[in-house]
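**Q** To be precise about what I am sending: the file is called my_file32.pdb and holds PDB, C-alpha atoms and all ligand atoms.
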MODEL        1
ATOM      1  CA  MET S  14       0.555  12.314  28.745
ATOM      2  CA  THR S  15       2.693  10.716  26.058
ATOM      3  CA  GLU S  16       3.943   7.167  25.594
ATOM      4  CA  GLU S  17       7.116   5.687  24.180
ATOM      5  CA  ALA S  18       7.873   2.964  21.620
ATOM      6  CA  LEU S  19      11.047   1.586  20.011
ATOM      7  CA  PHE S  20      11.466   0.454  16.404
ATOM      8  CA  ALA S  21      14.379  -1.018  14.451
ATOM      9  CA  ALA S  22      13.969  -1.148  10.659
ATOM     10  CA  GLY S  23      17.378  -0.501   9.118
ATOM     11  CA  CYS S  24      19.483   2.641   9.035
ATOM     12  CA  PHE S  25      17.925   4.861  11.691
ATOM     13  CA  TRP S  26      18.239   8.076   9.641
ATOM     14  CA  GLY S  27      15.389   7.186   7.296
ATOM     15  CA  VAL S  28      13.328   5.355   9.896
ATOM     16  CA  GLU S  29      13.363   8.418  12.153
ATOM     17  CA  ALA S  30      12.338  10.694   9.267
ATOM     18  CA  ALA S  31       9.440   8.360   8.413
ATOM     19  CA  PHE S  32       8.099   8.254  11.985
ATOM     20  CA  ARG S  33       8.391  12.028  12.404
ATOM     21  CA  ARG S  34       5.877  12.507   9.602
ATOM     22  CA  LEU S  35       3.150  10.454  11.309
ATOM     23  CA  PRO S  36       0.240  12.112  13.094
ATOM     24  CA  GLY S  37       0.430  11.803  16.870
ATOM     25  CA  VAL S  38       4.233  11.458  16.946
ATOM     26  CA  VAL S  39       5.491  14.275  19.149
ATOM     27  CA  GLU S  40       9.203  13.498  19.491
ATOM     28  CA  THR S  41      11.788  11.072  18.134
ATOM     29  CA  ALA S  42      15.381  10.132  18.851
ATOM     30  CA  VAL S  43      17.763   7.624  17.311
ATOM     31  CA  GLY S  44      19.898   5.225  19.307
ATOM     32  CA  TYR S  45      20.836   1.643  19.979
ATOM     33  CA  ALA S  46      18.776  -1.091  21.647
ATOM     34  CA  GLY S  47      18.735  -4.836  21.960
ATOM     35  CA  GLY S  48      22.441  -5.300  22.617
ATOM     36  CA  THR S  49      24.815  -6.091  25.417
ATOM     37  CA  THR S  50      27.819  -3.726  25.258
ATOM     38  CA  PRO S  51      27.265  -0.877  27.741
ATOM     39  CA  ASP S  52      27.251   2.624  26.198
ATOM     40  CA  PRO S  53      27.986   1.553  22.629
ATOM     41  CA  THR S  54      29.340   4.024  20.099
ATOM     42  CA  TYR S  55      28.190   4.262  16.486
ATOM     43  CA  GLU S  56      31.478   2.723  15.346
ATOM     44  CA  GLN S  57      31.041  -0.258  17.673
ATOM     45  CA  VAL S  58      27.442  -0.823  16.570
ATOM     46  CA  CYS S  59      28.459  -0.451  12.912
ATOM     47  CA  ALA S  60      31.104  -3.116  13.345
ATOM     48  CA  GLY S  61      28.223  -5.437  14.209
ATOM     49  CA  GLY S  62      29.448  -7.158  17.358
ATOM     50  CA  THR S  63      27.515  -5.395  20.121
ATOM     51  CA  GLY S  64      24.153  -7.025  19.523
ATOM     52  CA  HIS S  65      22.462  -3.636  19.144
ATOM     53  CA  ALA S  66      20.111  -2.616  16.386
ATOM     54  CA  GLU S  67      19.877   0.943  15.079
ATOM     55  CA  THR S  68      16.646   1.973  16.789
ATOM     56  CA  VAL S  69      14.233   4.897  16.770
ATOM     57  CA  ARG S  70      12.546   5.968  19.985
ATOM     58  CA  VAL S  71       9.143   7.432  19.256
ATOM     59  CA  ARG S  72       7.197   9.508  21.770
ATOM     60  CA  TYR S  73       3.537   9.688  20.819
ATOM     61  CA  ASP S  74       0.222  11.039  21.985
ATOM     62  CA  PRO S  75      -2.075   8.056  22.648
ATOM     63  CA  ALA S  76      -5.098  10.302  22.043
ATOM     64  CA  ARG S  77      -3.975  10.699  18.406
ATOM     65  CA  THR S  78      -2.320   7.386  17.560
ATOM     66  CA  SER S  79      -1.644   4.040  19.176
ATOM     67  CA  TYR S  80       1.158   1.532  19.497
ATOM     68  CA  ALA S  81      -0.785  -0.778  17.158
ATOM     69  CA  ASP S  82      -1.027   1.996  14.519
ATOM     70  CA  LEU S  83       2.691   2.683  14.842
ATOM     71  CA  VAL S  84       3.546  -1.015  14.493
ATOM     72  CA  ARG S  85       1.389  -1.194  11.349
ATOM     73  CA  GLU S  86       3.264   1.830   9.951
ATOM     74  CA  PHE S  87       6.562   0.175  10.908
ATOM     75  CA  PHE S  88       5.683  -2.742   8.635
ATOM     76  CA  ARG S  89       4.883  -0.325   5.775
ATOM     77  CA  LEU S  90       8.050   1.737   5.997
ATOM     78  CA  HIS S  91      10.584  -1.046   5.487
ATOM     79  CA  ASP S  92      10.847  -4.553   4.061
ATOM     80  CA  PRO S  93      10.296  -6.885   7.037
ATOM     81  CA  THR S  94      11.286  -9.952   5.020
ATOM     82  CA  GLN S  95      14.952  -8.923   4.936
ATOM     83  CA  LYS S  96      16.835 -10.745   7.671
ATOM     84  CA  ASP S  97      19.751  -8.949   9.361
ATOM     85  CA  ARG S  98      19.851  -6.267   6.677
ATOM     86  CA  GLN S  99      17.789  -3.503   5.099
ATOM     87  CA  GLY S 100      18.425  -2.523   1.525
ATOM     88  CA  PRO S 101      22.092  -1.697   1.045
ATOM     89  CA  ASP S 102      22.827  -1.910   4.763
ATOM     90  CA  VAL S 103      23.853  -5.394   5.806
ATOM     91  CA  GLY S 104      24.388  -6.727   9.334
ATOM     92  CA  PRO S 105      22.405  -7.522  12.471
ATOM     93  CA  GLN S 106      22.548  -3.846  13.480
ATOM     94  CA  TYR S 107      20.065  -3.262  10.602
ATOM     95  CA  ARG S 108      17.651  -6.045  11.556
ATOM     96  CA  SER S 109      13.900  -5.641  11.617
ATOM     97  CA  ALA S 110      12.899  -5.709  15.285
ATOM     98  CA  LEU S 111      10.136  -4.673  17.624
ATOM     99  CA  PHE S 112      11.257  -3.838  21.165
ATOM    100  CA  PRO S 113       8.092  -3.778  23.267
ATOM    101  CA  LEU S 114       8.211  -1.742  26.451
ATOM    102  CA  GLY S 115       6.038  -3.840  28.737
ATOM    103  CA  PRO S 116       3.590  -6.739  28.386
ATOM    104  CA  GLU S 117       0.846  -4.715  26.716
ATOM    105  CA  GLN S 118       3.077  -3.588  23.850
ATOM    106  CA  ALA S 119       4.472  -7.129  23.615
ATOM    107  CA  ALA S 120       0.983  -8.591  23.083
ATOM    108  CA  THR S 121       0.218  -5.931  20.463
ATOM    109  CA  ALA S 122       3.548  -6.503  18.715
ATOM    110  CA  ARG S 123       2.836 -10.243  18.445
ATOM    111  CA  ALA S 124      -0.731  -9.684  17.228
ATOM    112  CA  VAL S 125       0.206  -7.119  14.563
ATOM    113  CA  ARG S 126       3.138  -9.203  13.348
ATOM    114  CA  GLN S 127       0.802 -12.209  13.041
ATOM    115  CA  ALA S 128      -1.722 -10.113  11.108
ATOM    116  CA  GLU S 129       1.098  -9.067   8.788
ATOM    117  CA  VAL S 130       2.016 -12.714   8.183
ATOM    118  CA  ASP S 131      -1.648 -13.732   7.749
ATOM    119  CA  ALA S 132      -2.295 -10.932   5.237
ATOM    120  CA  GLY S 133      -0.023 -12.900   2.932
ATOM    121  CA  HIS S 134       1.255  -9.976   0.890
ATOM    122  CA  HIS S 135       4.919 -10.802   1.430
ATOM    123  CA  ALA S 136       6.712 -13.079  -1.003
ATOM    124  CA  ALA S 137       9.143 -14.186   1.712
ATOM    125  CA  PRO S 138       8.744 -14.940   5.430
ATOM    126  CA  VAL S 139       8.483 -11.985   7.814
ATOM    127  CA  ALA S 140      11.862 -11.805   9.580
ATOM    128  CA  THR S 141      10.865  -9.222  12.208
ATOM    129  CA  THR S 142      11.938 -10.259  15.687
ATOM    130  CA  ILE S 143      10.259  -9.261  18.939
ATOM    131  CA  GLU S 144      12.954  -8.719  21.517
ATOM    132  CA  ASN S 145      13.699  -7.416  24.948
ATOM    133  CA  PRO S 146      15.134  -3.936  24.234
ATOM    134  CA  GLY S 147      17.430  -3.678  27.226
ATOM    135  CA  PRO S 148      18.498  -0.064  27.798
ATOM    136  CA  PHE S 149      18.042   2.392  24.900
ATOM    137  CA  HIS S 150      21.285   4.293  24.329
ATOM    138  CA  PRO S 151      20.749   7.576  22.459
ATOM    139  CA  ALA S 152      23.087   7.888  19.480
ATOM    140  CA  GLU S 153      25.619  10.656  18.986
ATOM    141  CA  ASP S 154      24.106  14.122  18.376
ATOM    142  CA  TYR S 155      25.022  14.244  14.702
ATOM    143  CA  HIS S 156      22.775  11.248  14.027
ATOM    144  CA  GLN S 157      19.688  12.935  15.530
ATOM    145  CA  GLN S 158      17.260  14.185  12.845
ATOM    146  CA  TYR S 159      20.098  13.564  10.400
ATOM    147  CA  LEU S 160      18.077  13.817   7.177
ATOM    148  CA  GLU S 161      15.912  16.694   8.396
ATOM    149  CA  LYS S 162      19.016  18.767   9.112
ATOM    150  CA  ARG S 163      20.051  18.128   5.510
ATOM    151  CA  GLY S 164      16.801  19.398   4.061
ATOM    152  CA  TYR S 165      15.062  16.072   3.542
ATOM    153  CA  ARG S 166      11.317  16.130   4.137
TER     154      ARG S 166
HETATM  155  N1  LIG D 201      24.583   3.256   4.451
HETATM  156  C1  LIG D 201      24.750   4.248   5.473
HETATM  157  C2  LIG D 201      24.271   3.741   6.772
HETATM  158  C3  LIG D 201      24.199   4.793   7.777
HETATM  159  S1  LIG D 201      22.993   4.474   8.873
HETATM  160  C4  LIG D 201      23.181   5.574  10.127
HETATM  161  C5  LIG D 201      26.215   4.632   5.492
HETATM  162  O1  LIG D 201      26.932   4.084   4.707
HETATM  163  O2  LIG D 201      26.641   5.471   6.258
HETATM  164  O3  LIG D 201      23.292   3.173   9.436
ENDMDL
END
Here is the file; what I need is its structure written in the form of structure tokens.
**A**
Amino acid sequence: MTEEALFAAGCFWGVEAAFRRLPGVVETAVGYAGGTTPDPTYEQVCAGGTGHAETVRVRYDPARTSYADLVREFFRLHDPTQKDRQGPDVGPQYRSALFPLGPEQAATARAVRQAEVDAGHHAAPVATTIENPGPFHPAEDYHQQYLEKRGYR
């Protein structure tokens, strides 16, 4: 049995590549979550008005990792103090967001985010939001495993 989790941490190409390297992650896909427009396209999400964030769907083996572990990794693999941007990519579609699937993940998301704040190693406030994901829309095929297909490891 595997479980699913959704993470938004900037451009989904690099975020997907980072999650694929983690032990216990058995499958990933990139897409759009947290927005309102039905069936958004990449161009629509890029334009910034759909409410969606570029999101990675992670399928994992709970015998080998946990949602809490993945959330801790999420905080390591991007800068959660950047609000509505990540590095060179600016706009709400690049926001730092956790999209818990159910009350158990929601409680874990809140607890791990609080631990991140309490650890005090960020110079600026943690901007990560915890949001209702709404439906996850898989992105266009050419965005799936984008960096891996180009030889990035
Ligand atoms: N900076 C990248 C963002 C792509 S990522 C899929 C670009 O200019 O295409 O958002």
**Q** Fewer than 4 positions away in the same chain doesn't count, so skip those; otherwise give me all residues within 12 Å of His134 (chain S), counting all atoms listed in the file, as a list in words.
**A**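 The residues satisfying every condition are Phe88, Arg89, Asp92, Pro93, Thr94, Ala128, Glu129, Val130, Pro138 and Val139 of chain S.
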**Q** Out of S:Gln95, S:Gln106, S:Gln118, S:Thr78, which residue has the shortest atom-to-atom distance to Thr15 (chain S) when counting all atoms listed in the file?
**A**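 The shortest atom-to-atom distance to Thr15 (chain S) comes from S:Thr78.
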**Q** When you look at Leu83 (chain S) with a cut-off of 9 Å (counting only C-alpha atoms), what residues show up, excluding the ones that are within fewer than 4 positions of it in the same chain? I need them as a short mmCIF file (atom, residue, chain, number, x, y, z; two decimals) with C-alpha atoms, in the frame of the given file.
**A**
data_model
loop_
_atom_site.label_atom_id
_atom_site.label_comp_id
_atom_site.auth_asym_id
_atom_site.auth_seq_id
_atom_site.Cartn_x
_atom_site.Cartn_y
_atom_site.Cartn_z
CA ALA S 18 7.87 2.96 21.62
CA PHE S 32 8.10 8.25 11.98
CA LEU S 35 3.15 10.45 11.31
CA THR S 78 -2.32 7.39 17.56
CA SER S 79 -1.64 4.04 19.18
CA PHE S 87 6.56 0.18 10.91
CA PHE S 88 5.68 -2.74 8.64
#
**Q** Quick one: pull the distance between CA of Thr63 (chain S) and CA of Tyr45 (chain S), Å, one decimal.
**A**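 Taking CA of Thr63 (chain S) as the start and CA of Tyr45 (chain S) as the end point, the length is 9.7 Å.
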**Q** On this file, the PyMOL selection byres (((chain S and resi 115) around 12) and not hetatm) gives some set of residues; write that set as a list in words.
**A**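 Taken on the displayed file, the PyMOL selection byres (((chain S and resi 115) around 12) and not hetatm) yields the residues Glu16, Glu17, Ala18, Leu19, Tyr80, Leu111, Phe112, Pro113, Leu114, Pro116, Glu117, Gln118, Ala119, Ala120, Thr121, Ala122, Ile143, Glu144, Asn145, Pro146 and Gly147 of chain S.
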**Q** Do you know which residues are within 12 Å of ligand LIG 201 (chain D) using all atoms listed in the file? Can you write them as a PDB file with C-alpha atoms, in the coordinates of the input?
**A**
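Heads up, here's the output in result-v7.pdb:
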ATOM      1  CA  ALA S  21      14.379  -1.018  14.451  1.00  0.00           C
ATOM      2  CA  ALA S  22      13.969  -1.148  10.659  1.00  0.00           C
ATOM      3  CA  GLY S  23      17.378  -0.501   9.118  1.00  0.00           C
ATOM      4  CA  CYS S  24      19.483   2.641   9.035  1.00  0.00           C
ATOM      5  CA  PHE S  25      17.925   4.861  11.691  1.00  0.00           C
ATOM      6  CA  TRP S  26      18.239   8.076   9.641  1.00  0.00           C
ATOM      7  CA  GLY S  27      15.389   7.186   7.296  1.00  0.00           C
ATOM      8  CA  VAL S  28      13.328   5.355   9.896  1.00  0.00           C
ATOM      9  CA  GLU S  29      13.363   8.418  12.153  1.00  0.00           C
ATOM     10  CA  VAL S  43      17.763   7.624  17.311  1.00  0.00           C
ATOM     11  CA  GLY S  44      19.898   5.225  19.307  1.00  0.00           C
ATOM     12  CA  TYR S  45      20.836   1.643  19.979  1.00  0.00           C
ATOM     13  CA  THR S  54      29.340   4.024  20.099  1.00  0.00           C
ATOM     14  CA  TYR S  55      28.190   4.262  16.486  1.00  0.00           C
ATOM     15  CA  GLU S  56      31.478   2.723  15.346  1.00  0.00           C
ATOM     16  CA  GLN S  57      31.041  -0.258  17.673  1.00  0.00           C
ATOM     17  CA  VAL S  58      27.442  -0.823  16.570  1.00  0.00           C
ATOM     18  CA  CYS S  59      28.459  -0.451  12.912  1.00  0.00           C
ATOM     19  CA  ALA S  60      31.104  -3.116  13.345  1.00  0.00           C
ATOM     20  CA  GLY S  61      28.223  -5.437  14.209  1.00  0.00           C
ATOM     21  CA  HIS S  65      22.462  -3.636  19.144  1.00  0.00           C
ATOM     22  CA  ALA S  66      20.111  -2.616  16.386  1.00  0.00           C
ATOM     23  CA  GLU S  67      19.877   0.943  15.079  1.00  0.00           C
ATOM     24  CA  THR S  68      16.646   1.973  16.789  1.00  0.00           C
ATOM     25  CA  VAL S  69      14.233   4.897  16.770  1.00  0.00           C
ATOM     26  CA  ARG S  98      19.851  -6.267   6.677  1.00  0.00           C
ATOM     27  CA  GLN S  99      17.789  -3.503   5.099  1.00  0.00           C
ATOM     28  CA  GLY S 100      18.425  -2.523   1.525  1.00  0.00           C
ATOM     29  CA  PRO S 101      22.092  -1.697   1.045  1.00  0.00           C
ATOM     30  CA  ASP S 102      22.827  -1.910   4.763  1.00  0.00           C
ATOM     31  CA  VAL S 103      23.853  -5.394   5.806  1.00  0.00           C
ATOM     32  CA  GLY S 104      24.388  -6.727   9.334  1.00  0.00           C
ATOM     33  CA  PRO S 105      22.405  -7.522  12.471  1.00  0.00           C
ATOM     34  CA  GLN S 106      22.548  -3.846  13.480  1.00  0.00           C
ATOM     35  CA  TYR S 107      20.065  -3.262  10.602  1.00  0.00           C
ATOM     36  CA  ARG S 108      17.651  -6.045  11.556  1.00  0.00           C
ATOM     37  CA  ALA S 152      23.087   7.888  19.480  1.00  0.00           C
ATOM     38  CA  GLU S 153      25.619  10.656  18.986  1.00  0.00           C
ATOM     39  CA  ASP S 154      24.106  14.122  18.376  1.00  0.00           C
ATOM     40  CA  TYR S 155      25.022  14.244  14.702  1.00  0.00           C
ATOM     41  CA  HIS S 156      22.775  11.248  14.027  1.00  0.00           C
ATOM     42  CA  GLN S 157      19.688  12.935  15.530  1.00  0.00           C
ATOM     43  CA  GLN S 158      17.260  14.185  12.845  1.00  0.00           C
ATOM     44  CA  TYR S 159      20.098  13.564  10.400  1.00  0.00           C
ATOM     45  CA  LEU S 160      18.077  13.817   7.177  1.00  0.00           C
TER      46      LEU S 160
END
**Q** With 4 Å added on each side, what axis-aligned box encloses every listed atom of region 109-121 of chain S? Give the centre and edge lengths in Å to one decimal, as lines of an AutoDock Vina configuration file.
**A**
center_x = 7.1
center_y = -5.2
center_z = 20.2
size_x = 21.7
size_y = 14.8
size_z = 25.1
**Q** For the atom pair CA of Leu90 (chain S) and CA of Ala137 (chain S), what is the interatomic distance in Å to one decimal place?
**A**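 Distance reported for this atom pair: 16.5 Å.
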**Q** Find the distance between CA of Thr50 (chain S) and CA of Gly64 (chain S) and write it in Å to one decimal.
**A** 7.6 Å
**Q** Would you write out, as a ChimeraX atom specification, every residue that the PyMOL selection byres (((chain S and resi 73) around 7) and not hetatm) captures in this file?
**A** /S:15-17,37-40,71-72,74-75
**Q** Hey, which of S:Phe20, S:Thr49, S:Ala81, S:Lys96 ends up closest to Arg126 (chain S)? Count all atoms listed in the file.
**A**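 Closest to Arg126 (chain S), using all atoms listed in the file: S:Ala81.
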**Q** Considering only C-alpha atoms, state which residue in the set S:Met14, S:Ala110, S:Asp97, S:Ala30 is at the smallest distance from Glu161 (chain S).
**A**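 That would be S:Ala30, the residue with the smallest distance to Glu161 (chain S).
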